[in-house]
>>> print(open('data.csv').read())   # CSV, C-alpha atoms and all ligand atoms
chain,number,residue,atom,x,y,z
A,1,VAL,CA,12.8,-8.1,10.1
A,2,SER,CA,15.6,-10.2,11.6
A,3,THR,CA,15.8,-9.8,15.3
A,4,PRO,CA,18.7,-10.3,17.7
A,5,GLU,CA,19.1,-13.8,19.0
A,6,ALA,CA,16.0,-14.9,17.1
A,7,LYS,CA,13.7,-13.1,19.6
A,8,LEU,CA,10.0,-12.7,18.7
A,9,ASN,CA,9.4,-9.4,16.9
A,10,LEU,CA,6.2,-8.2,18.5
A,11,LEU,CA,5.4,-6.1,15.5
A,12,ASN,CA,4.5,-9.3,13.7
A,13,TYR,CA,1.7,-10.0,16.1
A,14,SER,CA,-1.9,-8.9,15.9
A,15,ARG,CA,-3.6,-8.2,19.2
A,16,ALA,CA,-5.4,-11.5,19.1
A,17,GLU,CA,-2.1,-13.3,18.4
A,18,LEU,CA,-0.5,-11.5,21.2
A,19,ALA,CA,-3.3,-12.6,23.5
A,20,THR,CA,-2.8,-16.2,22.5
A,21,LEU,CA,1.0,-15.9,23.2
A,22,PHE,CA,0.3,-14.3,26.6
A,23,LYS,CA,-2.2,-17.1,27.4
A,24,GLU,CA,0.7,-19.6,26.9
A,25,TRP,CA,2.7,-17.5,29.2
A,26,GLY,CA,-0.1,-17.5,31.8
A,27,GLU,CA,-0.9,-13.8,31.4
A,28,PRO,CA,-4.4,-12.4,31.1
A,29,ALA,CA,-5.7,-11.2,27.7
A,30,PHE,CA,-5.9,-7.6,28.8
A,31,ARG,CA,-2.1,-7.5,29.1
A,32,ALA,CA,-2.0,-8.0,25.4
A,33,ASP,CA,-4.2,-4.9,25.0
A,34,GLN,CA,-1.9,-2.9,27.2
A,35,LEU,CA,1.2,-4.0,25.4
A,36,PHE,CA,-0.4,-3.2,22.0
A,37,GLN,CA,-1.2,0.3,23.2
A,38,TRP,CA,2.3,0.9,24.4
A,39,ILE,CA,3.8,-0.3,21.2
A,40,HIS,CA,1.4,1.1,18.6
A,41,GLN,CA,-0.5,4.0,20.2
A,42,ARG,CA,2.4,5.4,22.1
A,43,GLY,CA,5.3,4.3,19.9
A,44,ILE,CA,7.3,2.8,22.8
A,45,ALA,CA,9.7,0.0,22.1
A,46,ASP,CA,11.5,-0.2,25.4
A,47,PHE,CA,9.8,-2.6,27.8
A,48,ASP,CA,11.1,-0.8,30.9
A,49,GLU,CA,8.9,2.2,30.0
A,50,MET,CA,5.7,0.0,30.0
A,51,THR,CA,5.0,0.8,33.6
A,52,ASN,CA,1.6,-0.8,33.9
A,53,LEU,CA,3.1,-4.3,33.1
A,54,SER,CA,4.4,-6.3,36.0
A,55,LYS,CA,8.1,-6.5,36.5
A,56,ALA,CA,8.1,-10.2,35.9
A,57,LEU,CA,6.3,-9.8,32.5
A,58,ARG,CA,8.7,-7.0,31.5
A,59,ALA,CA,11.7,-9.2,32.3
A,60,ARG,CA,10.2,-12.0,30.3
A,61,LEU,CA,9.6,-9.7,27.3
A,62,HIS,CA,13.3,-8.6,27.6
A,63,ASP,CA,14.4,-12.2,27.4
A,64,LEU,CA,12.2,-13.4,24.6
A,65,ALA,CA,10.9,-10.5,22.5
A,66,THR,CA,11.8,-7.2,20.7
A,67,VAL,CA,10.1,-4.4,18.9
A,68,THR,CA,12.3,-4.2,15.8
A,69,VAL,CA,11.6,-1.8,12.9
A,70,PRO,CA,13.4,-1.3,9.7
A,71,GLU,CA,16.4,1.1,10.0
A,72,ILE,CA,16.0,4.6,8.5
A,73,ILE,CA,18.9,5.3,6.1
A,74,VAL,CA,17.5,8.4,4.4
A,75,ASP,CA,14.9,10.9,5.6
A,76,GLN,CA,14.2,13.6,3.0
A,77,LYS,CA,11.7,16.4,3.0
A,78,SER,CA,10.4,18.0,-0.2
A,79,THR,CA,9.7,21.7,-0.6
A,80,ASP,CA,6.0,20.9,-0.5
A,81,GLY,CA,6.2,19.1,2.9
A,82,THR,CA,6.2,15.6,1.4
A,83,ARG,CA,8.6,13.4,3.3
A,84,LYS,CA,10.3,10.2,2.1
A,85,TRP,CA,12.1,7.6,4.1
A,86,LEU,CA,14.4,5.0,2.8
A,87,PHE,CA,14.5,2.0,5.1
A,88,ARG,CA,17.2,-0.7,5.2
A,89,LEU,CA,16.1,-4.3,5.4
A,90,ASP,CA,18.2,-7.4,5.3
A,91,CYS,CA,20.8,-8.3,2.7
A,92,GLY,CA,21.2,-4.8,1.2
A,93,ASN,CA,17.5,-4.5,0.4
A,94,SER,CA,15.7,-1.3,1.0
A,95,ILE,CA,12.2,0.1,0.7
A,96,GLU,CA,10.6,3.5,0.6
A,97,THR,CA,7.7,5.1,2.5
A,98,VAL,CA,6.2,8.5,1.6
A,99,PHE,CA,4.2,10.9,3.9
A,100,ILE,CA,2.0,13.5,2.1
A,101,PRO,CA,0.6,16.3,4.3
A,102,GLU,CA,-2.4,18.2,2.9
A,103,GLY,CA,-4.3,20.5,5.3
A,104,LYS,CA,-5.5,18.3,8.2
A,105,ARG,CA,-4.9,15.1,6.3
A,106,GLY,CA,-1.6,13.3,6.5
A,107,THR,CA,-1.4,10.3,4.1
A,108,LEU,CA,1.2,7.6,4.4
A,109,CYS,CA,2.0,5.6,1.3
A,110,VAL,CA,3.2,2.2,2.5
A,111,SER,CA,5.2,-0.5,0.6
A,112,SER,CA,4.3,-4.1,0.7
A,113,GLN,CA,7.1,-5.9,-1.2
A,114,VAL,CA,10.8,-5.3,-2.0
A,115,GLY,CA,10.3,-4.5,-5.7
A,116,CYS,CA,7.3,-5.7,-7.7
A,117,ALA,CA,6.7,-8.6,-10.1
A,118,LEU,CA,4.0,-7.1,-12.1
A,119,ASN,CA,6.1,-4.9,-14.3
A,120,CYS,CA,3.5,-2.2,-15.1
A,121,ARG,CA,5.1,-0.3,-17.9
A,122,PHE,CA,4.8,3.2,-16.4
A,123,CYS,CA,6.3,2.2,-13.0
A,124,SER,CA,9.9,2.4,-12.0
A,125,THR,CA,9.4,-0.1,-9.1
A,126,GLY,CA,8.1,-2.6,-11.7
A,127,ALA,CA,11.1,-1.9,-13.9
A,128,GLN,CA,13.4,-2.9,-11.1
A,129,GLY,CA,12.1,-6.5,-10.6
A,130,PHE,CA,11.0,-8.4,-7.6
A,131,ASN,CA,12.9,-9.6,-4.6
A,132,ARG,CA,10.6,-10.6,-1.7
A,133,ASN,CA,7.5,-10.0,0.3
A,134,LEU,CA,7.7,-7.8,3.4
A,135,SER,CA,6.9,-9.3,6.8
A,136,THR,CA,4.0,-7.9,8.8
A,137,ALA,CA,6.6,-6.2,11.1
A,138,GLU,CA,8.2,-4.5,8.0
A,139,ILE,CA,4.8,-3.2,6.8
A,140,ILE,CA,3.5,-2.0,10.1
A,141,GLY,CA,7.0,-0.8,11.1
A,142,GLN,CA,6.7,1.9,8.4
A,143,VAL,CA,3.5,3.2,10.0
A,144,TRP,CA,5.1,2.8,13.5
A,145,LEU,CA,8.1,5.0,12.6
A,146,ALA,CA,6.1,7.6,10.6
A,147,ALA,CA,3.4,7.9,13.3
A,148,ARG,CA,6.1,8.8,15.9
A,149,GLU,CA,7.1,11.8,13.7
A,150,GLU,CA,4.0,12.8,11.8
A,151,GLN,CA,0.2,13.0,12.2
A,152,VAL,CA,-0.8,10.0,10.1
A,153,THR,CA,-4.6,10.2,9.4
A,154,ASN,CA,-4.7,8.0,6.2
A,155,VAL,CA,-2.8,5.0,4.9
A,156,VAL,CA,-2.6,3.9,1.3
A,157,MET,CA,-1.0,0.5,0.4
A,158,MET,CA,0.3,2.1,-2.8
A,159,GLY,CA,4.1,2.1,-2.3
A,160,MET,CA,6.4,-0.5,-3.7
A,161,GLY,CA,4.8,-3.8,-4.5
A,162,GLU,CA,1.4,-5.4,-5.3
A,163,PRO,CA,-0.1,-5.7,-1.8
A,164,LEU,CA,-2.5,-8.5,-2.8
A,165,LEU,CA,0.5,-10.8,-3.7
A,166,ASN,CA,1.6,-10.5,0.0
A,167,PHE,CA,-2.0,-11.1,1.2
A,168,ASP,CA,-1.7,-12.4,4.8
A,169,ASN,CA,1.0,-10.0,6.0
A,170,VAL,CA,-0.8,-7.0,4.3
A,171,VAL,CA,-4.2,-7.9,5.8
A,172,ARG,CA,-2.7,-8.4,9.2
A,173,ALA,CA,-0.9,-5.1,9.0
A,174,MET,CA,-4.1,-3.3,7.8
A,175,ASP,CA,-6.1,-4.8,10.7
A,176,MET,CA,-3.5,-3.3,13.1
A,177,MET,CA,-3.9,0.1,11.4
A,178,MET,CA,-7.6,-0.1,12.1
A,179,ASP,CA,-7.4,-1.6,15.6
A,180,ASP,CA,-8.6,0.9,18.3
A,181,PHE,CA,-5.8,-0.3,20.5
A,182,ALA,CA,-3.2,0.6,17.8
A,183,TYR,CA,-3.7,3.3,15.2
A,184,GLY,CA,-7.5,3.4,15.2
A,185,LEU,CA,-7.9,4.4,11.5
A,186,SER,CA,-11.4,3.9,10.1
A,187,LYS,CA,-11.9,1.6,7.1
A,188,ARG,CA,-12.4,4.7,4.9
A,189,ARG,CA,-8.9,5.9,5.8
A,190,VAL,CA,-7.1,2.7,4.9
A,191,THR,CA,-6.9,2.0,1.1
A,192,LEU,CA,-5.4,-0.9,-0.7
A,193,SER,CA,-4.4,-0.3,-4.3
A,194,THR,CA,-4.2,-3.2,-6.7
A,195,ALA,CA,-3.2,-3.7,-10.3
A,196,GLY,CA,-6.1,-6.2,-10.5
A,197,VAL,CA,-5.3,-9.6,-9.0
A,198,VAL,CA,-8.9,-10.6,-9.3
A,199,PRO,CA,-9.1,-13.8,-7.1
A,200,LYS,CA,-7.2,-12.0,-4.3
A,201,MET,CA,-9.6,-9.1,-4.6
A,202,ARG,CA,-12.4,-11.5,-3.9
A,203,ASP,CA,-10.5,-12.9,-0.9
A,204,LEU,CA,-10.0,-9.4,0.4
A,205,MET,CA,-13.7,-8.7,0.1
A,206,ALA,CA,-14.4,-11.7,2.3
A,207,VAL,CA,-12.0,-10.7,5.2
A,208,SER,CA,-11.6,-6.9,5.1
A,209,SER,CA,-13.6,-3.8,4.5
A,210,VAL,CA,-10.8,-1.4,3.6
A,211,SER,CA,-11.2,1.0,0.7
A,212,LEU,CA,-10.2,-0.2,-2.7
A,213,ALA,CA,-8.2,1.6,-5.5
A,214,VAL,CA,-7.7,-0.1,-8.8
A,215,SER,CA,-4.9,0.8,-11.2
A,216,LEU,CA,-6.9,0.8,-14.4
A,217,HIS,CA,-4.8,3.0,-16.7
A,218,ALA,CA,-6.5,1.8,-19.9
A,219,PRO,CA,-10.1,1.5,-21.1
A,220,ASN,CA,-9.7,-1.7,-23.3
A,221,ASP,CA,-7.9,-5.0,-23.1
A,222,ALA,CA,-5.5,-4.4,-26.0
A,223,LEU,CA,-4.1,-1.3,-24.4
A,224,ARG,CA,-4.2,-2.6,-20.8
A,225,ASP,CA,-2.4,-5.8,-21.8
A,226,GLU,CA,0.4,-3.5,-22.8
A,227,ILE,CA,0.5,-1.0,-19.9
A,228,VAL,CA,-0.6,-3.3,-17.0
A,229,PRO,CA,0.5,-6.8,-18.1
A,230,ILE,CA,-1.4,-8.7,-15.4
A,231,ASN,CA,-4.4,-7.8,-17.6
A,232,LYS,CA,-3.4,-10.8,-19.8
A,233,LYS,CA,-4.2,-13.0,-16.8
A,234,TYR,CA,-7.3,-11.2,-15.5
A,235,ASN,CA,-8.9,-9.1,-18.2
A,236,LEU,CA,-11.0,-6.0,-17.8
A,237,LYS,CA,-14.4,-7.8,-17.8
A,238,GLU,CA,-13.2,-9.9,-14.8
A,239,LEU,CA,-11.7,-6.9,-13.1
A,240,LEU,CA,-14.7,-4.7,-13.4
A,241,GLY,CA,-16.9,-7.6,-12.4
A,242,VAL,CA,-15.2,-7.9,-9.0
A,243,CYS,CA,-15.3,-4.1,-8.7
A,244,ARG,CA,-19.1,-4.1,-9.1
A,245,ASP,CA,-19.4,-6.9,-6.5
A,246,TYR,CA,-17.2,-4.9,-4.1
A,247,PHE,CA,-19.7,-2.1,-4.1
A,248,SER,CA,-22.7,-4.3,-3.8
A,249,ASN,CA,-21.3,-6.2,-0.8
A,250,GLU,CA,-22.0,-4.7,2.6
A,251,SER,CA,-19.2,-2.1,2.5
A,252,ARG,CA,-21.1,-0.2,-0.3
A,253,ARG,CA,-18.2,2.0,-1.0
A,254,LYS,CA,-17.1,3.5,-4.2
A,255,VAL,CA,-14.1,2.0,-5.9
A,256,THR,CA,-11.4,4.5,-6.9
A,257,PHE,CA,-9.9,4.0,-10.3
A,258,GLU,CA,-6.4,5.3,-10.9
A,259,TYR,CA,-5.6,6.3,-14.5
A,260,VAL,CA,-2.1,7.5,-15.3
A,261,MET,CA,-2.0,10.1,-18.2
A,262,LEU,CA,0.5,8.9,-20.9
A,263,ASP,CA,1.1,11.3,-23.8
A,264,GLY,CA,-0.5,9.9,-27.0
A,265,VAL,CA,-1.1,6.5,-25.4
A,266,ASN,CA,-4.3,6.5,-23.4
A,267,ASP,CA,-5.3,10.1,-23.3
A,268,GLN,CA,-7.3,10.6,-26.4
A,269,PRO,CA,-11.1,11.5,-26.6
A,270,LYS,CA,-11.8,8.0,-27.8
A,271,HIS,CA,-10.2,6.6,-24.6
A,272,ALA,CA,-12.4,8.9,-22.5
A,273,ARG,CA,-15.5,7.6,-24.3
A,274,GLU,CA,-14.4,4.0,-23.9
A,275,LEU,CA,-13.7,4.6,-20.2
A,276,ILE,CA,-17.2,6.0,-19.7
A,277,THR,CA,-18.7,3.0,-21.4
A,278,VAL,CA,-16.8,0.3,-19.4
A,279,LEU,CA,-17.4,2.1,-16.0
A,280,GLN,CA,-21.1,2.3,-16.6
A,281,GLY,CA,-23.0,1.1,-13.6
A,282,ILE,CA,-20.1,1.2,-11.2
A,283,PRO,CA,-20.2,3.9,-8.5
A,284,ALA,CA,-16.7,5.0,-9.4
A,285,LYS,CA,-14.4,7.8,-8.6
A,286,VAL,CA,-11.6,8.4,-11.1
A,287,ASN,CA,-8.2,9.8,-10.3
A,288,LEU,CA,-6.3,11.1,-13.3
A,289,ILE,CA,-2.5,11.0,-12.4
A,290,PRO,CA,-0.1,13.0,-14.4
A,291,PHE,CA,2.7,10.6,-15.3
A,292,ASN,CA,6.0,11.1,-13.4
A,293,PRO,CA,8.9,10.3,-15.7
A,294,PHE,CA,11.9,8.3,-14.4
A,295,PRO,CA,15.2,7.5,-16.0
A,296,GLY,CA,14.6,5.0,-18.8
A,297,ALA,CA,10.9,5.5,-18.9
A,298,ARG,CA,9.3,4.9,-22.3
A,299,TYR,CA,6.4,7.4,-21.8
A,300,THR,CA,6.0,11.1,-21.3
A,301,CYS,CA,3.2,12.9,-19.5
A,302,SER,CA,0.2,14.1,-21.4
A,303,PRO,CA,0.0,17.9,-21.6
A,304,MET,CA,-2.1,19.5,-18.9
A,305,GLU,CA,-4.7,20.8,-21.4
A,306,ARG,CA,-5.3,17.2,-22.6
A,307,ILE,CA,-5.6,16.0,-19.0
A,308,ASN,CA,-8.2,18.7,-18.2
A,309,ALA,CA,-10.1,17.9,-21.4
A,310,PHE,CA,-10.1,14.2,-20.5
A,311,ARG,CA,-11.4,15.1,-17.0
A,312,GLU,CA,-14.2,17.3,-18.5
A,313,HIS,CA,-15.3,14.5,-20.7
A,314,LEU,CA,-15.6,12.1,-17.8
A,315,ILE,CA,-17.3,14.7,-15.6
A,316,LYS,CA,-19.9,15.5,-18.3
A,317,ALA,CA,-20.8,11.8,-18.3
A,318,GLY,CA,-21.4,11.9,-14.5
A,319,LEU,CA,-18.1,10.3,-13.4
A,320,ASN,CA,-16.6,11.9,-10.2
A,321,THR,CA,-13.1,12.7,-11.6
A,322,ILE,CA,-10.2,14.6,-10.1
A,323,VAL,CA,-6.7,15.3,-11.4
A,324,ARG,CA,-4.3,14.2,-8.7
A,325,LYS,CA,-1.7,16.7,-7.7
A,326,THR,CA,1.9,15.6,-8.2
A,327,ARG,CA,3.7,15.7,-4.8
A,328,GLY,CA,7.3,15.3,-3.8
A,329,ASP,CA,8.7,15.5,-7.3
A,330,ASP,CA,12.0,17.0,-6.2
A,331,ILE,CA,12.7,13.9,-4.0
A,332,SER,CA,11.4,11.2,-6.4
A,333,ALA,CA,8.5,10.5,-4.0
A,334,ALA,CA,5.8,10.8,-6.6
A,335,CYS,CA,3.7,7.9,-7.8
A,336,GLY,CA,5.5,5.2,-9.7
A,337,GLN,CA,8.9,6.6,-8.7
A,338,LEU,CA,9.6,4.5,-5.6
A,339,VAL,CA,12.5,2.2,-6.3
A,340,GLY,CA,14.3,1.5,-3.1
A,341,ASP,CA,17.4,-0.5,-3.7
A,342,PHE,CA,17.6,-4.2,-4.0
A,343,LYS,CA,18.8,-7.2,-5.9
A,344,ASP,CA,16.5,-8.6,-8.4
A,345,ARG,CA,16.9,-12.3,-7.9
A,346,THR,CA,14.4,-13.3,-10.6
A,347,LYS,CA,14.3,-13.3,-14.3
A,348,ARG,CA,11.5,-11.2,-15.7
A,349,SER,CA,9.5,-14.0,-17.1
A,350,ALA,CA,10.0,-16.2,-14.1
A,351,ARG,CA,9.2,-13.3,-11.9
A,352,ILE,CA,5.7,-12.8,-13.3
A,353,LYS,CA,5.0,-16.5,-13.4
A,354,ALA,CA,6.0,-16.8,-9.7
A,355,ALA,CA,3.9,-14.0,-8.6
A,356,VAL,CA,0.7,-14.6,-10.5
A,357,GLY,CA,0.9,-18.0,-12.2
A,358,MET,CA,0.8,-16.3,-15.6
A,359,GLU,CA,1.7,-18.5,-18.5
B,1,LIG,S1,2.3,0.0,-10.5
B,1,LIG,FE1,2.2,-1.2,-8.6
B,1,LIG,S2,1.7,-3.3,-9.3
B,1,LIG,FE2,2.4,-2.1,-11.1
B,1,LIG,S3,4.7,-2.6,-11.2
B,1,LIG,FE3,4.4,-0.7,-10.0
B,1,LIG,S4,4.4,-1.4,-7.9
B,1,LIG,FE4,3.9,-3.2,-9.1
>>> encode(input="data.csv", output="structure tokens")
Amino acid sequence: VSTPEAKLNLLNYSRAELATLFKEWGEPAFRADQLFQWIHQRGIADFDEMTNLSKALRARLHDLATVTVPEIIVDQKSTDGTRKWLFRLDCGNSIETVFIPEGKRGTLCVSSQVGCALNCRFCSTGAQGFNRNLSTAEIIGQVWLAAREEQVTNVVMMGMGEPLLNFDNVVRAMDMMMDDFAYGLSKRRVTLSTAGVVPKMRDLMAVSSVSLAVSLHAPNDALRDEIVPINKKYNLKELLGVCRDYFSNESRRKVTFEYVMLDGVNDQPKHARELITVLQGIPAKVNLIPFNPFPGARYTCSPMERINAFREHLIKAGLNTIVRKTRGDDISAACGQLVGDFKDRTKRSARIKAAVGME
């Protein structure tokens, strides 16, 4: 997020980093806690309103800092209550954030990159190419803006982009989501979804205990190479290996596997059987996602009877399986439909290489 006169954008700072900054300014650490609460818990961006900070500190903040969030350019509400914001970033780039209310739960689907380099074949974001990583401020700014308007109880890093390819900013933003002086979400209510960047999954395991969702979408390498091309770099064996380790480390939480239902591609009984075999021994939850077509998509959605039959097959084998409801269809807010608007500055092959070092 570009800030006026190159002031410090405080949304880029974790509470610990803010305390370090304040130490340099000769302020006690608890001032950082107070400022963090004003900004994140109360959604206040105007330093004048932060009445428990001294006048001198407020004046200094005025001179040197801002709280700058992406600008809202579209705010759409679906007939089912799903809400989608389009945010303008710099240079004509924009990103999308989606809020999905369901009973007492309010889930915010947050973007981590402008576009995506991984080019999963069922995903309209991937089809648009990659432009750049979001800053911490641009990631947490989506939560900041949404939390002022809606009751956000859960966050999924499942919007535009592969979050693990913007590791530092995503981890810092997720830590803020879970900080009791900010949004105070428990680790069970913050989920990172990855297409399977295996080394970064291991890095994540070492520094964070958020929940993990894996975009699986195919039960064998030949098919997954086609649907989720990063599989050519990190195959199923490696991916499922790290998923097993994720459960056996101290977090001991189930991994959720996402499986998009593509008509005639990955939805046959033999695929269900293969899936049961490869997931053996992993405490897994499987989400079957009806495919949401977008202009130019090469797939169509499996018929509902086939999706239900697939689900039955998995359930009989003891796999906790649900069919995810499609939400926000009428405003293109459903899974894999987030495209924003941006310039693809990379060529497709260069894009993938740059992101994952794929040959
Ligand atoms: S599904 Fe996720 S990782 Fe794959 S192209 Fe789309 S945004 Fe990127």
>>> residues_near_ligand(input="data.csv", ligand="ligand LIG 1 (chain B)", cutoff="10 Å", atoms="all atoms listed in the file", output="MDAnalysis selection string")
chainID A and resid 111:130 157:165 193:197 214:215 217 227:230 260 335:339
>>> closest_residue(input="data.csv", among="A:Val98, A:Leu288, A:Ile139, A:Val210", to="Pro70 in chain A", atoms="only C-alpha atoms")
A:Ile139
>>> residues_around(input="data.csv", residues="Glu49 in chain A", least_positions_apart="6", cutoff="12 Å", atoms="all atoms listed in the file", output="count of residues only")
9
>>> closest_residue(input="data.csv", among="A:Val198, A:Val171, A:Leu21, A:Leu89", to="Lys237 in chain A", atoms="all atoms listed in the file")
A:Val198
>>> closest_residue(input="data.csv", among="A:Arg189, A:Arg83, A:Arg172, A:Arg15", to="Ile140 in chain A", atoms="only C-alpha atoms")
A:Arg172
>>> residues_around(input="data.csv", residues="Gly318 in chain A", least_positions_apart="5", cutoff="10 Å", atoms="all atoms listed in the file", output="list of chain:residue names")
A:Ile276, A:Gln280, A:Ala284, A:Glu312, A:His313
>>> write_last_selection(input="data.csv", atoms="C-alpha atoms", output="compact mmCIF listing (two decimals), in the coordinates of the input")
# COMPACT_ATOMS: atom_id res chain seq x y z
CA ILE A 276 -17.20 6.00 -19.70
CA GLN A 280 -21.10 2.30 -16.60
CA ALA A 284 -16.70 5.00 -9.40
CA GLU A 312 -14.20 17.30 -18.50
CA HIS A 313 -15.30 14.50 -20.70
>>> closest_residue(input="data.csv", among="A:Ser14, A:Val152, A:Leu61, A:Asp80", to="Val170 in chain A", atoms="only C-alpha atoms")
A:Ser14
>>> residues_around(input="data.csv", residues="Asn287 in chain A", least_positions_apart="5", cutoff="8 Å", atoms="all atoms listed in the file", output="VMD selection string")
chain A and resid 256 to 259 321 to 324
>>> residues_near_point(input="data.csv", point="(4.9, -5.6, 23.2)", cutoff="10 Å", atoms="only C-alpha atoms", output="NGL selection string")
:A and (8-11 or 13 or 15 or 18 or 31-40 or 44-47 or 50 or 58 or 61-62 or 65-67)
>>> closest_residue(input="data.csv", among="A:Pro283, A:Pro28, A:Gly264, A:Gly103", to="Arg298 in chain A", atoms="all atoms listed in the file")
A:Gly264
>>> residues_around(input="data.csv", residues="Leu236 in chain A", least_positions_apart="4", cutoff="8 Å", atoms="only C-alpha atoms", output="PyMOL selection string")
chain A and resi 220-221+231+240
>>> residues_around(input="data.csv", residues="Leu185 in chain A", least_positions_apart="4", cutoff="10 Å", atoms="only C-alpha atoms", output="PDB file with C-alpha atoms, in the coordinates of the input")
ATOM      1  CA  VAL A 152      -0.800  10.000  10.100  1.00  0.00           C
ATOM      2  CA  THR A 153      -4.600  10.200   9.400  1.00  0.00           C
ATOM      3  CA  ASN A 154      -4.700   8.000   6.200  1.00  0.00           C
ATOM      4  CA  VAL A 155      -2.800   5.000   4.900  1.00  0.00           C
ATOM      5  CA  MET A 174      -4.100  -3.300   7.800  1.00  0.00           C
ATOM      6  CA  ASP A 175      -6.100  -4.800  10.700  1.00  0.00           C
ATOM      7  CA  MET A 176      -3.500  -3.300  13.100  1.00  0.00           C
ATOM      8  CA  MET A 177      -3.900   0.100  11.400  1.00  0.00           C
ATOM      9  CA  MET A 178      -7.600  -0.100  12.100  1.00  0.00           C
ATOM     10  CA  ASP A 179      -7.400  -1.600  15.600  1.00  0.00           C
ATOM     11  CA  ASP A 180      -8.600   0.900  18.300  1.00  0.00           C
ATOM     12  CA  ARG A 189      -8.900   5.900   5.800  1.00  0.00           C
ATOM     13  CA  VAL A 190      -7.100   2.700   4.900  1.00  0.00           C
TER      14      VAL A 190
END
>>> atom_distance(input="data.csv", atom1="CA of Ser211 in chain A", atom2="CA of Lys325 in chain A")
20.2 Å
>>> closest_residue(input="data.csv", among="A:Leu319, A:Ala29, A:Ile100, A:Ala56", to="Lys77 in chain A", atoms="all atoms listed in the file")
A:Ile100
>>> atom_distance(input="data.csv", atom1="CA of Ala222 in chain A", atom2="CA of Gly241 in chain A")
18.0 Å
>>> build_atoms(input="data.csv", residues="range 25-29 of chain A", atoms="all heavy atoms", output="compact mmCIF listing (two decimals), in the frame of the given file")
# COMPACT_ATOMS: atom_id res chain seq x y z
N TRP A 25 1.81 -17.94 28.18
CA TRP A 25 2.70 -17.50 29.20
C TRP A 25 1.99 -17.34 30.59
O TRP A 25 2.57 -16.90 31.58
CB TRP A 25 3.31 -16.10 28.90
CG TRP A 25 4.27 -16.09 27.75
CD1 TRP A 25 4.61 -17.14 26.95
CD2 TRP A 25 5.04 -14.97 27.29
NE1 TRP A 25 5.52 -16.75 26.00
CE2 TRP A 25 5.81 -15.41 26.19
CE3 TRP A 25 5.13 -13.64 27.69
CZ2 TRP A 25 6.66 -14.57 25.49
CZ3 TRP A 25 5.99 -12.81 26.99
CH2 TRP A 25 6.75 -13.26 25.91
N GLY A 26 0.68 -17.63 30.60
CA GLY A 26 -0.10 -17.50 31.80
C GLY A 26 -0.47 -16.08 32.18
O GLY A 26 -0.77 -15.76 33.33
N GLU A 27 -0.49 -15.21 31.17
CA GLU A 27 -0.90 -13.80 31.40
C GLU A 27 -2.30 -13.57 30.91
O GLU A 27 -2.71 -14.14 29.91
CB GLU A 27 0.06 -12.87 30.59
CG GLU A 27 1.50 -12.86 31.01
CD GLU A 27 1.74 -12.06 32.30
OE1 GLU A 27 0.84 -11.30 32.70
OE2 GLU A 27 2.81 -12.23 32.90
N PRO A 28 -3.05 -12.70 31.59
CA PRO A 28 -4.40 -12.40 31.10
C PRO A 28 -4.44 -11.66 29.79
O PRO A 28 -3.47 -10.97 29.46
CB PRO A 28 -5.01 -11.55 32.24
CG PRO A 28 -3.82 -11.01 32.98
CD PRO A 28 -2.69 -11.96 32.79
N ALA A 29 -5.56 -11.82 29.08
CA ALA A 29 -5.70 -11.20 27.70
C ALA A 29 -5.50 -9.70 27.75
O ALA A 29 -4.96 -9.11 26.81
CB ALA A 29 -6.98 -11.61 27.09
